[in-house]
$ cat entry_4.csv   # CSV, C-alpha atoms
chain,number,residue,atom,x,y,z
A,1,MET,CA,3.7,13.4,-23.0
A,2,GLU,CA,6.5,15.8,-23.7
A,3,LYS,CA,8.4,16.6,-20.5
A,4,LYS,CA,8.2,20.2,-19.4
A,5,ILE,CA,11.0,21.8,-17.3
A,6,TYR,CA,10.8,24.6,-14.8
A,7,LYS,CA,12.8,25.6,-11.7
A,8,ILE,CA,11.7,26.5,-8.2
A,9,THR,CA,13.5,27.9,-5.2
A,10,LYS,CA,13.7,25.8,-2.0
A,11,LYS,CA,11.7,28.5,-0.1
A,12,ASP,CA,8.9,28.5,-2.8
A,13,LEU,CA,8.9,24.7,-2.7
A,14,TYR,CA,8.3,24.6,1.0
A,15,ASP,CA,5.6,27.3,0.7
A,16,LEU,CA,4.0,25.1,-2.0
A,17,PHE,CA,4.1,22.1,0.4
A,18,VAL,CA,2.3,24.2,3.0
A,19,ARG,CA,-0.5,25.0,0.6
A,20,LEU,CA,-0.7,21.5,-0.7
A,21,SER,CA,-1.1,20.1,2.8
A,22,SER,CA,-4.7,21.2,3.0
A,23,GLN,CA,-5.6,19.1,0.0
A,24,TYR,CA,-3.0,16.3,0.1
A,25,ARG,CA,-1.2,14.1,2.6
A,26,VAL,CA,2.4,15.4,1.9
A,27,PHE,CA,5.3,13.2,2.9
A,28,VAL,CA,8.9,14.3,2.6
A,29,PRO,CA,12.3,12.9,3.5
A,30,TYR,CA,13.8,14.0,6.9
A,31,ALA,CA,17.4,13.4,7.9
A,32,LYS,CA,18.2,11.5,11.1
A,33,GLY,CA,22.0,11.0,11.4
A,34,ASP,CA,23.2,9.7,8.1
A,35,ARG,CA,19.9,8.1,7.2
A,36,LEU,CA,16.7,9.5,5.6
A,37,HIS,CA,13.1,8.6,6.5
A,38,PHE,CA,9.7,9.7,5.2
A,39,ALA,CA,7.4,11.6,7.4
A,40,ARG,CA,4.5,14.1,7.0
A,41,PHE,CA,5.6,17.5,5.9
A,42,ASP,CA,5.9,19.9,8.9
A,43,PRO,CA,6.7,23.5,8.2
A,44,GLU,CA,8.3,23.7,11.7
A,45,LYS,CA,10.9,21.2,10.7
A,46,GLU,CA,12.0,22.5,7.3
A,47,GLU,CA,15.6,22.5,8.4
A,48,SER,CA,15.6,18.7,8.7
A,49,ILE,CA,14.1,18.1,5.2
A,50,GLU,CA,16.6,16.5,2.8
A,51,LEU,CA,15.6,16.6,-0.9
A,52,GLY,CA,18.9,15.1,-2.0
A,53,GLY,CA,21.2,12.7,-0.4
A,54,ILE,CA,20.5,9.0,-1.2
A,55,ARG,CA,17.4,6.8,-0.9
A,56,GLN,CA,15.3,6.7,2.3
A,57,SER,CA,15.4,3.8,4.7
A,58,GLN,CA,11.9,2.6,3.9
A,59,PRO,CA,11.0,1.7,0.3
A,60,ILE,CA,8.2,3.3,-1.7
A,61,LYS,CA,6.1,0.2,-1.4
A,62,SER,CA,5.5,1.1,2.2
A,63,PHE,CA,3.0,3.7,0.9
A,64,ILE,CA,1.6,2.1,-2.3
A,65,ASN,CA,1.5,-1.5,-1.0
A,66,PRO,CA,1.5,-1.1,2.8
A,67,SER,CA,2.9,-3.7,5.2
A,68,ARG,CA,-0.5,-4.2,6.7
A,69,GLU,CA,-3.7,-3.3,4.9
A,70,LYS,CA,-7.3,-4.1,5.8
A,71,ILE,CA,-9.1,-5.8,2.9
A,72,SER,CA,-12.4,-6.7,4.5
A,73,ASP,CA,-13.1,-3.0,4.9
A,74,ALA,CA,-11.1,-0.7,2.7
A,75,SER,CA,-12.3,2.5,4.2
A,76,ARG,CA,-9.5,4.9,5.3
A,77,LYS,CA,-9.3,7.6,7.9
A,78,ASP,CA,-7.7,10.1,5.5
A,79,THR,CA,-8.7,9.6,1.8
A,80,ARG,CA,-6.9,12.7,0.5
A,81,PRO,CA,-4.4,12.1,-2.3
A,82,LEU,CA,-0.9,11.4,-1.2
A,83,ILE,CA,2.1,13.4,-2.4
A,84,LEU,CA,5.4,11.5,-1.8
A,85,ALA,CA,8.3,13.8,-2.4
A,86,GLY,CA,12.0,12.9,-2.6
A,87,VAL,CA,11.7,9.4,-4.2
A,88,LYS,CA,15.0,8.2,-5.6
A,89,GLY,CA,15.6,6.4,-8.9
A,90,CYS,CA,16.2,3.0,-7.3
A,91,ASP,CA,12.8,3.1,-5.7
A,92,LEU,CA,11.1,4.3,-8.8
A,93,ALA,CA,12.6,1.5,-10.8
A,94,SER,CA,10.9,-1.0,-8.5
A,95,LEU,CA,7.5,0.1,-9.7
A,96,THR,CA,8.1,-1.7,-13.0
A,97,LEU,CA,7.8,-5.0,-11.0
A,98,GLN,CA,5.2,-3.9,-8.5
A,99,ASP,CA,2.9,-2.6,-11.3
A,100,PHE,CA,3.4,-5.9,-13.2
A,101,VAL,CA,2.4,-8.0,-10.3
A,102,PHE,CA,-0.5,-6.0,-9.0
A,103,LEU,CA,-1.9,-4.2,-12.1
A,104,LYS,CA,-1.1,-6.4,-15.1
A,105,GLY,CA,-2.3,-9.8,-14.2
A,106,ASP,CA,-5.7,-11.3,-15.1
A,107,VAL,CA,-7.3,-9.2,-12.3
A,108,GLU,CA,-6.1,-5.8,-11.2
A,109,ASP,CA,-5.5,-5.5,-7.5
A,110,PRO,CA,-8.0,-2.9,-6.3
A,111,LEU,CA,-6.1,-1.9,-3.2
A,112,TYR,CA,-2.8,-1.4,-5.0
A,113,ALA,CA,-4.5,0.4,-7.9
A,114,GLY,CA,-6.3,2.7,-5.6
A,115,ASN,CA,-3.1,3.7,-3.7
A,116,ARG,CA,-1.2,4.0,-7.0
A,117,ASN,CA,-3.7,6.3,-8.6
A,118,ASN,CA,-4.1,8.3,-5.4
A,119,THR,CA,-0.4,9.1,-5.2
A,120,VAL,CA,1.6,11.9,-6.8
A,121,ILE,CA,5.2,10.9,-7.0
A,122,ILE,CA,7.9,13.6,-6.8
A,123,GLY,CA,11.2,12.1,-7.7
A,124,ASN,CA,14.6,13.4,-6.6
A,125,ASP,CA,18.2,13.1,-7.8
A,126,CYS,CA,20.7,11.6,-5.5
A,127,THR,CA,23.4,14.1,-4.5
A,128,HIS,CA,25.9,11.5,-3.3
A,129,ALA,CA,26.4,7.8,-3.1
A,130,LYS,CA,27.5,5.4,-0.4
A,131,GLU,CA,29.3,2.1,-0.4
A,132,THR,CA,26.2,0.0,-0.6
A,133,CYS,CA,24.8,1.7,-3.7
A,134,PHE,CA,25.1,-0.2,-7.0
A,135,CYS,CA,22.1,1.0,-9.1
A,136,VAL,CA,24.3,1.5,-12.1
A,137,ALA,CA,25.2,-2.2,-12.2
A,138,MET,CA,21.5,-3.1,-12.3
A,139,GLU,CA,20.8,-0.8,-15.3
A,140,GLY,CA,19.7,2.0,-13.1
A,141,ALA,CA,21.0,5.5,-12.3
A,142,PRO,CA,21.3,7.7,-9.2
A,143,TYR,CA,18.5,9.9,-10.6
A,144,PRO,CA,14.9,9.1,-11.7
A,145,GLN,CA,14.4,7.8,-15.2
A,146,LYS,CA,10.7,6.7,-15.1
A,147,HIS,CA,7.6,6.3,-13.0
A,148,PHE,CA,7.6,9.8,-11.6
A,149,ASP,CA,5.1,12.6,-12.0
A,150,ILE,CA,7.5,15.4,-11.2
A,151,ASN,CA,11.2,15.3,-10.5
A,152,LEU,CA,13.4,17.7,-8.4
A,153,SER,CA,17.1,18.0,-9.2
A,154,PRO,CA,18.9,20.1,-6.5
A,155,ILE,CA,21.2,22.9,-7.6
A,156,ASN,CA,22.4,25.2,-4.8
A,157,ASP,CA,19.3,26.7,-3.2
A,158,TYR,CA,16.8,25.8,-6.0
A,159,PHE,CA,15.6,22.8,-8.0
A,160,VAL,CA,15.3,22.0,-11.7
A,161,VAL,CA,11.8,20.7,-12.0
A,162,GLU,CA,10.9,18.1,-14.7
A,163,VAL,CA,7.3,17.2,-15.3
A,164,ALA,CA,6.7,13.7,-16.8
A,165,SER,CA,2.9,13.1,-16.4
A,166,ALA,CA,-0.5,14.7,-16.8
A,167,LYS,CA,-1.0,14.3,-13.1
A,168,GLY,CA,2.2,16.3,-12.4
A,169,GLU,CA,1.3,18.9,-15.0
A,170,ARG,CA,-2.1,19.5,-13.4
A,171,LEU,CA,-0.5,20.0,-10.0
A,172,ILE,CA,2.0,22.6,-11.4
A,173,GLU,CA,-0.7,24.4,-13.4
A,174,SER,CA,-2.7,24.9,-10.2
A,175,PHE,CA,0.3,26.6,-8.6
A,176,LYS,CA,2.1,28.1,-11.6
A,177,MET,CA,3.1,31.2,-9.6
A,178,PHE,CA,5.8,29.2,-7.8
A,179,PHE,CA,7.6,27.9,-10.9
A,180,LYS,CA,10.0,29.9,-13.1
A,181,GLY,CA,11.7,29.5,-16.4
A,182,TYR,CA,15.0,27.6,-16.6
A,183,THR,CA,18.2,28.3,-18.5
A,184,ALA,CA,20.7,26.1,-20.4
A,185,THR,CA,23.1,26.7,-17.5
A,186,ASP,CA,20.6,25.0,-15.1
A,187,LEU,CA,20.4,21.9,-17.3
A,188,ASN,CA,24.2,21.8,-17.6
A,189,MET,CA,24.6,22.0,-13.9
A,190,ARG,CA,22.0,19.2,-13.4
A,191,GLN,CA,23.9,17.0,-15.9
A,192,ALA,CA,27.2,17.7,-14.2
A,193,ASN,CA,25.7,16.7,-10.8
A,194,ARG,CA,24.3,13.5,-12.2
A,195,GLU,CA,27.5,12.5,-13.8
A,196,LYS,CA,29.4,13.2,-10.6
A,197,VAL,CA,27.1,10.9,-8.5
A,198,THR,CA,27.2,8.3,-11.3
A,199,ARG,CA,31.0,8.2,-11.1
A,200,GLU,CA,30.7,7.8,-7.3
A,201,VAL,CA,28.4,4.8,-7.7
A,202,ARG,CA,30.7,3.3,-10.4
A,203,TYR,CA,33.7,3.7,-8.0
A,204,PHE,CA,32.0,1.6,-5.3
A,205,ILE,CA,30.9,-0.9,-7.9
A,206,ASP,CA,34.5,-1.3,-9.2
A,207,LYS,CA,36.0,-1.3,-5.7
A,208,ARG,CA,33.7,-4.1,-4.7
A,209,GLY,CA,33.9,-6.0,-8.0
A,210,THR,CA,30.1,-6.0,-8.1
A,211,GLN,CA,28.6,-7.9,-11.1
A,212,ASN,CA,26.4,-6.2,-13.7
A,213,THR,CA,23.3,-7.6,-15.3
A,214,ALA,CA,25.1,-8.9,-18.3
A,215,GLN,CA,27.4,-11.0,-16.1
A,216,ILE,CA,24.6,-12.1,-13.7
A,217,LYS,CA,22.2,-13.3,-16.5
A,218,GLY,CA,21.9,-17.1,-16.3
A,219,ALA,CA,24.2,-17.4,-13.3
A,220,VAL,CA,21.5,-18.6,-10.8
A,221,LYS,CA,20.2,-21.2,-13.2
A,222,ARG,CA,23.7,-22.5,-14.0
A,223,ASN,CA,24.6,-22.7,-10.4
A,224,TYR,CA,21.3,-23.6,-8.8
A,225,ASN,CA,22.9,-26.7,-7.3
A,226,LEU,CA,26.0,-25.0,-6.0
A,227,THR,CA,24.9,-26.1,-2.5
A,228,ALA,CA,28.1,-25.0,-0.8
A,229,LEU,CA,27.5,-21.4,-1.6
A,230,TRP,CA,23.8,-21.4,-0.6
A,231,GLN,CA,24.6,-23.2,2.7
A,232,ASP,CA,27.5,-20.9,3.6
A,233,PHE,CA,25.6,-17.7,3.1
A,234,ALA,CA,22.5,-19.1,4.8
A,235,SER,CA,24.6,-20.1,7.9
A,236,THR,CA,24.5,-16.6,9.3
A,237,CYS,CA,20.8,-15.9,8.4
A,238,VAL,CA,18.5,-15.5,11.4
A,239,GLU,CA,15.3,-15.6,9.4
A,240,CYS,CA,14.3,-12.1,10.4
A,241,GLY,CA,13.0,-11.3,6.9
A,242,ALA,CA,14.7,-7.8,6.9
A,243,CYS,CA,16.0,-8.3,3.4
A,244,ASN,CA,12.5,-8.9,2.1
A,245,LEU,CA,10.8,-6.2,4.1
A,246,VAL,CA,13.2,-3.4,3.0
A,247,CYS,CA,13.5,-4.5,-0.6
A,248,PRO,CA,11.5,-2.2,-2.9
A,249,THR,CA,10.7,-5.1,-5.4
A,250,CYS,CA,9.7,-7.8,-2.9
A,251,HIS,CA,5.9,-8.2,-3.0
A,252,CYS,CA,4.9,-11.5,-1.4
A,253,PHE,CA,2.0,-11.3,1.0
A,254,LEU,CA,-0.3,-13.4,3.1
A,255,LEU,CA,-3.9,-13.0,4.2
A,256,PHE,CA,-5.0,-13.5,7.8
A,257,ASP,CA,-8.2,-12.9,9.9
A,258,ASP,CA,-8.0,-11.0,13.1
A,259,LYS,CA,-10.7,-11.1,15.8
A,260,MET,CA,-11.5,-7.5,16.8
A,261,PRO,CA,-14.0,-5.8,19.1
A,262,ASP,CA,-16.3,-4.9,16.1
A,263,GLY,CA,-16.0,-8.3,14.4
A,264,ASN,CA,-13.5,-10.3,12.4
A,265,LYS,CA,-11.3,-8.4,10.0
A,266,ARG,CA,-9.2,-9.7,7.1
A,267,PHE,CA,-5.8,-8.2,6.5
A,268,ARG,CA,-3.1,-8.4,3.9
A,269,VAL,CA,0.5,-8.3,5.3
A,270,TRP,CA,3.9,-8.6,3.8
A,271,ASP,CA,5.5,-12.1,3.8
A,272,ALA,CA,9.1,-13.0,3.5
A,273,CYS,CA,10.6,-16.0,1.7
A,274,LEU,CA,13.3,-16.5,4.4
A,275,TYR,CA,10.6,-17.3,7.0
A,276,ASN,CA,10.5,-21.0,7.7
A,277,THR,CA,6.7,-21.0,7.2
A,278,PHE,CA,6.8,-19.2,3.8
A,279,ALA,CA,6.4,-22.3,1.6
A,280,ARG,CA,4.6,-24.5,4.1
A,281,VAL,CA,1.3,-25.9,2.9
A,282,ALA,CA,-1.7,-27.6,4.5
A,283,GLY,CA,-0.7,-30.7,6.5
A,284,GLY,CA,2.6,-29.2,7.4
A,285,ALA,CA,4.6,-30.2,4.2
A,286,ASN,CA,7.3,-27.7,3.2
A,287,PRO,CA,9.0,-28.0,-0.2
A,288,ARG,CA,11.7,-25.6,1.1
A,289,LYS,CA,12.2,-26.7,4.7
A,290,HIS,CA,15.9,-25.9,4.6
A,291,LEU,CA,17.0,-22.3,5.1
A,292,TYR,CA,19.5,-22.5,2.2
A,293,GLU,CA,16.7,-23.5,-0.1
A,294,ARG,CA,14.7,-20.4,0.9
A,295,LEU,CA,17.7,-18.2,0.4
A,296,ARG,CA,18.2,-19.7,-3.0
A,297,ASN,CA,14.6,-19.1,-3.9
A,298,ARG,CA,15.0,-15.4,-3.2
A,299,PHE,CA,17.9,-15.2,-5.7
A,300,GLU,CA,16.2,-17.5,-8.2
A,301,LYS,CA,13.1,-15.3,-8.4
A,302,LYS,CA,15.0,-12.0,-8.6
A,303,PHE,CA,17.8,-13.0,-11.0
A,304,ASP,CA,16.3,-15.8,-13.1
A,305,PHE,CA,12.5,-15.8,-12.9
A,306,PHE,CA,11.8,-12.1,-13.5
A,307,PRO,CA,14.5,-11.7,-16.2
A,308,GLN,CA,12.7,-14.5,-18.1
A,309,VAL,CA,9.1,-13.3,-17.7
A,310,LEU,CA,9.6,-9.5,-17.6
A,311,ASP,CA,13.1,-8.9,-18.9
A,312,TYR,CA,13.7,-7.2,-15.6
A,313,PHE,CA,16.2,-8.0,-12.8
A,314,ALA,CA,14.2,-7.7,-9.6
A,315,CYS,CA,16.9,-5.8,-7.8
A,316,THR,CA,17.4,-2.0,-8.2
A,317,GLY,CA,20.8,-1.8,-6.4
A,318,CYS,CA,19.5,0.2,-3.5
A,319,GLY,CA,21.6,-1.7,-1.0
A,320,ARG,CA,19.0,-1.7,1.7
A,321,CYS,CA,19.2,-5.5,2.2
A,322,ILE,CA,22.9,-5.3,2.8
A,323,GLU,CA,22.5,-2.6,5.5
A,324,ALA,CA,19.5,-4.4,7.1
A,325,CYS,CA,21.0,-7.9,7.4
A,326,PRO,CA,22.1,-8.7,11.0
A,327,GLY,CA,23.9,-11.8,9.5
A,328,ASP,CA,26.1,-9.7,7.2
A,329,ILE,CA,24.8,-11.4,4.1
A,330,ASP,CA,25.9,-9.3,1.2
A,331,LEU,CA,23.8,-9.8,-2.0
A,332,ARG,CA,26.7,-8.6,-4.1
A,333,GLU,CA,29.0,-11.3,-2.7
A,334,VAL,CA,26.4,-14.0,-3.4
A,335,LEU,CA,26.1,-12.9,-7.0
A,336,LYS,CA,29.9,-12.8,-7.3
A,337,GLY,CA,30.1,-16.4,-6.3
A,338,LEU,CA,27.3,-17.4,-8.7
A,339,VAL,CA,29.0,-15.6,-11.6
A,340,LEU,CA,32.3,-17.4,-10.9
A,341,GLY,CA,30.5,-20.7,-10.6
A,342,LYS,CA,32.5,-21.9,-7.7
A,343,TRP,CA,32.6,-21.3,-4.0
A,344,ASN,CA,35.2,-21.7,-1.3
A,345,LYS,CA,34.4,-20.3,2.0
A,346,PRO,CA,36.7,-17.4,2.7
A,347,PRO,CA,39.0,-17.8,5.7
A,348,ASN,CA,38.0,-16.1,9.0
A,349,ASP,CA,39.3,-12.6,9.5
$ encode --input "entry_4.csv" --output "structure tokens"
Amino acid sequence: MEKKIYKITKKDLYDLFVRLSSQYRVFVPYAKGDRLHFARFDPEKEESIELGGIRQSQPIKSFINPSREKISDASRKDTRPLILAGVKGCDLASLTLQDFVFLKGDVEDPLYAGNRNNTVIIGNDCTHAKETCFCVAMEGAPYPQKHFDINLSPINDYFVVEVASAKGERLIESFKMFFKGYTATDLNMRQANREKVTREVRYFIDKRGTQNTAQIKGAVKRNYNLTALWQDFASTCVECGACNLVCPTCHCFLLFDDKMPDGNKRFRVWDACLYNTFARVAGGANPRKHLYERLRNRFEKKFDFFPQVLDYFACTGCGRCIEACPGDIDLREVLKGLVLGKWNKPPND
């Protein structure tokens, strides 16, 4: 559909969220220190809402493909549609892969499809970048480009509103009194803000020497047997799985049965390829029993497998894994070593 553009003041937007809360579960980003996290909209905490900044600590998959979901009984306590506001471009880009895995196979996953269809996604431009951001190197941008229903671009005390789906248009049509006409100046200011943040991301990319997709393409396959690199980076891994769990594109899961007072229940929970049980099969055999092999598998799938089957690098440059890793494993440095095709362990600081 042709994208429609409006604008809305911050006050009117929060008033709109109040009205929507009777029909929807409305989640917005709140600031806590220098980090953002999603929580239910609370009109008493409007001063802590941050519709700007950078991406939130938890990925969008936390809502559409939850970390623990009951599959033997799919009933939910609250079946109202979900509005997820403030979603950044790096998270939205991950939906290309999540949709491919759960919606476009031989069988559509009913739980994922139900959550996806029951969610209105309100995107949000980033208003600054941080050192761990490298979305531009992964063919992304610090503002939503796809997979959103409505997008909010902050400008002073109002937002430029872009509508990209019939779902978003229906929501706006129901509350048209909150939305006003835009001007060319509004669009120029939006573009200037986007260019500013893009320059910030590029600065961090250039400063770090982060590789782009053209440079990365084929690097994992060429250096799959560069064992020294894989072993060195794996040497500080504690197998916590944080990199997998915070990654917006990781999607592996396992099924388990839990004995509960009202009978056995089956759940689907996130799995992580760094866990030592990830590849283990019946009888105890494990084709990736070494930690460095499991680390290599993570990179092989993101930077070789999905570019081949989907023409998509399964990394959006959000930088969450870099911040979450207690072993200080930096994905950008692993890729740098792979592109160079050689690895000598750096001297200790």
$ residues_around --input "entry_4.csv" --residues "segment 163-167 of chain A" --least-positions-apart "3" --cutoff "12 Å" --atoms "only C-alpha atoms" --output "PyMOL selection string"
chain A and resi 1-7+81+83+116-124+144-153+160+170-174+179
$ residues_around --input "entry_4.csv" --residues "segment 321-330 of chain A" --least-positions-apart "5" --cutoff "9 Å" --atoms "all atoms listed in the file" --output "list of chain:residue names"
A:Thr132, A:Phe233, A:Ala234, A:Ser235, A:Thr236, A:Cys237, A:Val238, A:Cys240, A:Gly241, A:Ala242, A:Cys243, A:Asn244, A:Leu245, A:Val246, A:Cys247, A:Leu335
$ write_last_selection --input "entry_4.csv" --atoms "C-alpha atoms" --output "PDB file, in the frame of the given file"
ATOM      1  CA  THR A 132      26.200   0.000  -0.600  1.00  0.00           C
ATOM      2  CA  PHE A 233      25.600 -17.700   3.100  1.00  0.00           C
ATOM      3  CA  ALA A 234      22.500 -19.100   4.800  1.00  0.00           C
ATOM      4  CA  SER A 235      24.600 -20.100   7.900  1.00  0.00           C
ATOM      5  CA  THR A 236      24.500 -16.600   9.300  1.00  0.00           C
ATOM      6  CA  CYS A 237      20.800 -15.900   8.400  1.00  0.00           C
ATOM      7  CA  VAL A 238      18.500 -15.500  11.400  1.00  0.00           C
ATOM      8  CA  CYS A 240      14.300 -12.100  10.400  1.00  0.00           C
ATOM      9  CA  GLY A 241      13.000 -11.300   6.900  1.00  0.00           C
ATOM     10  CA  ALA A 242      14.700  -7.800   6.900  1.00  0.00           C
ATOM     11  CA  CYS A 243      16.000  -8.300   3.400  1.00  0.00           C
ATOM     12  CA  ASN A 244      12.500  -8.900   2.100  1.00  0.00           C
ATOM     13  CA  LEU A 245      10.800  -6.200   4.100  1.00  0.00           C
ATOM     14  CA  VAL A 246      13.200  -3.400   3.000  1.00  0.00           C
ATOM     15  CA  CYS A 247      13.500  -4.500  -0.600  1.00  0.00           C
ATOM     16  CA  LEU A 335      26.100 -12.900  -7.000  1.00  0.00           C
TER      17      LEU A 335
END
$ closest_residue --input "entry_4.csv" --among "A:Tyr14, A:Val107, A:Leu20, A:Ser72" --to "Ile49 of chain A" --atoms "only C-alpha atoms"
A:Tyr14
$ closest_residue --input "entry_4.csv" --among "A:Gly140, A:Gly33, A:Pro59, A:Gly218" --to "Gly341 of chain A" --atoms "only C-alpha atoms"
A:Gly218
$ residues_around --input "entry_4.csv" --residues "segment 15-17 of chain A" --least-positions-apart "6" --cutoff "9 Å" --atoms "only C-alpha atoms" --output "MDAnalysis selection string"
chainID A and resid 26 41:43 175 178
$ atom_distance --input "entry_4.csv" --atom1 "atom CA of Leu97 of chain A" --atom2 "atom CA of Phe305 of chain A"
11.9 Å
$ closest_residue --input "entry_4.csv" --among "A:Glu293, A:Gln98, A:Thr127, A:Arg298" --to "Ala192 of chain A" --atoms "all atoms listed in the file"
A:Thr127
$ closest_residue --input "entry_4.csv" --among "A:Lys10, A:Arg320, A:Arg266, A:Lys61" --to "Glu46 of chain A" --atoms "only C-alpha atoms"
A:Lys10
$ atom_distance --input "entry_4.csv" --atom1 "atom CA of Lys88 of chain A" --atom2 "atom CA of Val220 of chain A"
28.1 Å
$ residues_around --input "entry_4.csv" --residues "segment 270-277 of chain A" --least-positions-apart "2" --cutoff "10 Å" --atoms "only C-alpha atoms" --output "JSON, numbers by chain"
{"A": [62, 65, 66, 67, 68, 69, 234, 237, 238, 239, 240, 241, 242, 243, 244, 245, 250, 251, 252, 253, 254, 255, 268, 279, 280, 281, 284, 285, 286, 288, 289, 290, 291, 292, 293, 294, 295, 296, 297, 298]}
$ atom_distance --input "entry_4.csv" --atom1 "atom CA of Asp91 of chain A" --atom2 "atom CA of Val334 of chain A"
22.0 Å
$ residues_near_point --input "entry_4.csv" --point "(-4.8, 17.3, 1.5)" --cutoff "9 Å" --atoms "all atoms listed in the file" --output "list in words"
Arg19, Leu20, Ser21, Ser22, Gln23, Tyr24, Arg25, Val26, Asp78, Thr79, Arg80, Pro81, Leu82 and Ile83 of chain A
$ residues_near_point --input "entry_4.csv" --point "(20.8, 5.5, -14.2)" --cutoff "10 Å" --atoms "all atoms listed in the file" --output "ChimeraX atom specification"
/A:89-90,93,135-145,194-195,198
$ decode --input "entry_4.csv" --residues "segment 224-275 of chain A" --atoms "C-alpha atoms" --output "tab-separated table (two decimals), in the first residue's frame"
chain	number	residue	atom	x	y	z
A	224	TYR	CA	35.90	-22.78	8.39
A	225	ASN	CA	39.03	-24.70	9.42
A	226	LEU	CA	40.84	-21.69	10.90
A	227	THR	CA	40.84	-23.56	14.19
A	228	ALA	CA	43.17	-21.16	15.99
A	229	LEU	CA	40.62	-18.35	15.65
A	230	TRP	CA	37.65	-20.41	16.80
A	231	GLN	CA	39.54	-21.85	19.75
A	232	ASP	CA	40.89	-18.50	20.85
A	233	PHE	CA	37.51	-16.77	20.92
A	234	ALA	CA	35.87	-19.83	22.50
A	235	SER	CA	38.47	-19.84	25.28
A	236	THR	CA	36.59	-17.12	27.22
A	237	CYS	CA	33.08	-18.43	26.50
A	238	VAL	CA	31.24	-19.63	29.62
A	239	GLU	CA	28.39	-21.25	27.64
A	240	CYS	CA	25.77	-18.96	29.20
A	241	GLY	CA	23.89	-18.63	25.90
A	242	ALA	CA	23.45	-14.87	26.35
A	243	CYS	CA	24.50	-14.14	22.76
A	244	ASN	CA	21.79	-16.43	21.44
A	245	LEU	CA	19.08	-15.28	23.83
A	246	VAL	CA	19.48	-11.53	23.16
A	247	CYS	CA	19.94	-11.96	19.40
A	248	PRO	CA	16.85	-10.87	17.44
A	249	THR	CA	17.46	-13.44	14.66
A	250	CYS	CA	18.30	-16.55	16.72
A	251	HIS	CA	15.31	-18.86	16.66
A	252	CYS	CA	16.35	-22.34	17.80
A	253	PHE	CA	14.08	-23.99	20.37
A	254	LEU	CA	13.47	-27.26	22.16
A	255	LEU	CA	10.35	-28.98	23.45
A	256	PHE	CA	10.01	-30.35	26.96
A	257	ASP	CA	7.26	-31.74	29.15
A	258	ASP	CA	6.73	-30.41	32.65
A	259	LYS	CA	4.73	-32.17	35.34
A	260	MET	CA	2.26	-29.69	36.83
A	261	PRO	CA	-0.56	-29.98	39.41
A	262	ASP	CA	-3.19	-30.12	36.66
A	263	GLY	CA	-1.29	-32.62	34.52
A	264	ASN	CA	1.69	-32.73	32.19
A	265	LYS	CA	2.21	-29.71	29.96
A	266	ARG	CA	4.43	-29.33	26.91
A	267	PHE	CA	6.44	-26.16	26.43
A	268	ARG	CA	8.57	-24.65	23.72
A	269	VAL	CA	11.62	-22.79	25.04
A	270	TRP	CA	14.54	-21.01	23.43
A	271	ASP	CA	17.69	-23.06	22.92
A	272	ALA	CA	21.24	-21.84	22.34
A	273	CYS	CA	23.90	-23.32	20.09
A	274	LEU	CA	26.64	-22.55	22.64
A	275	TYR	CA	25.09	-24.93	25.20
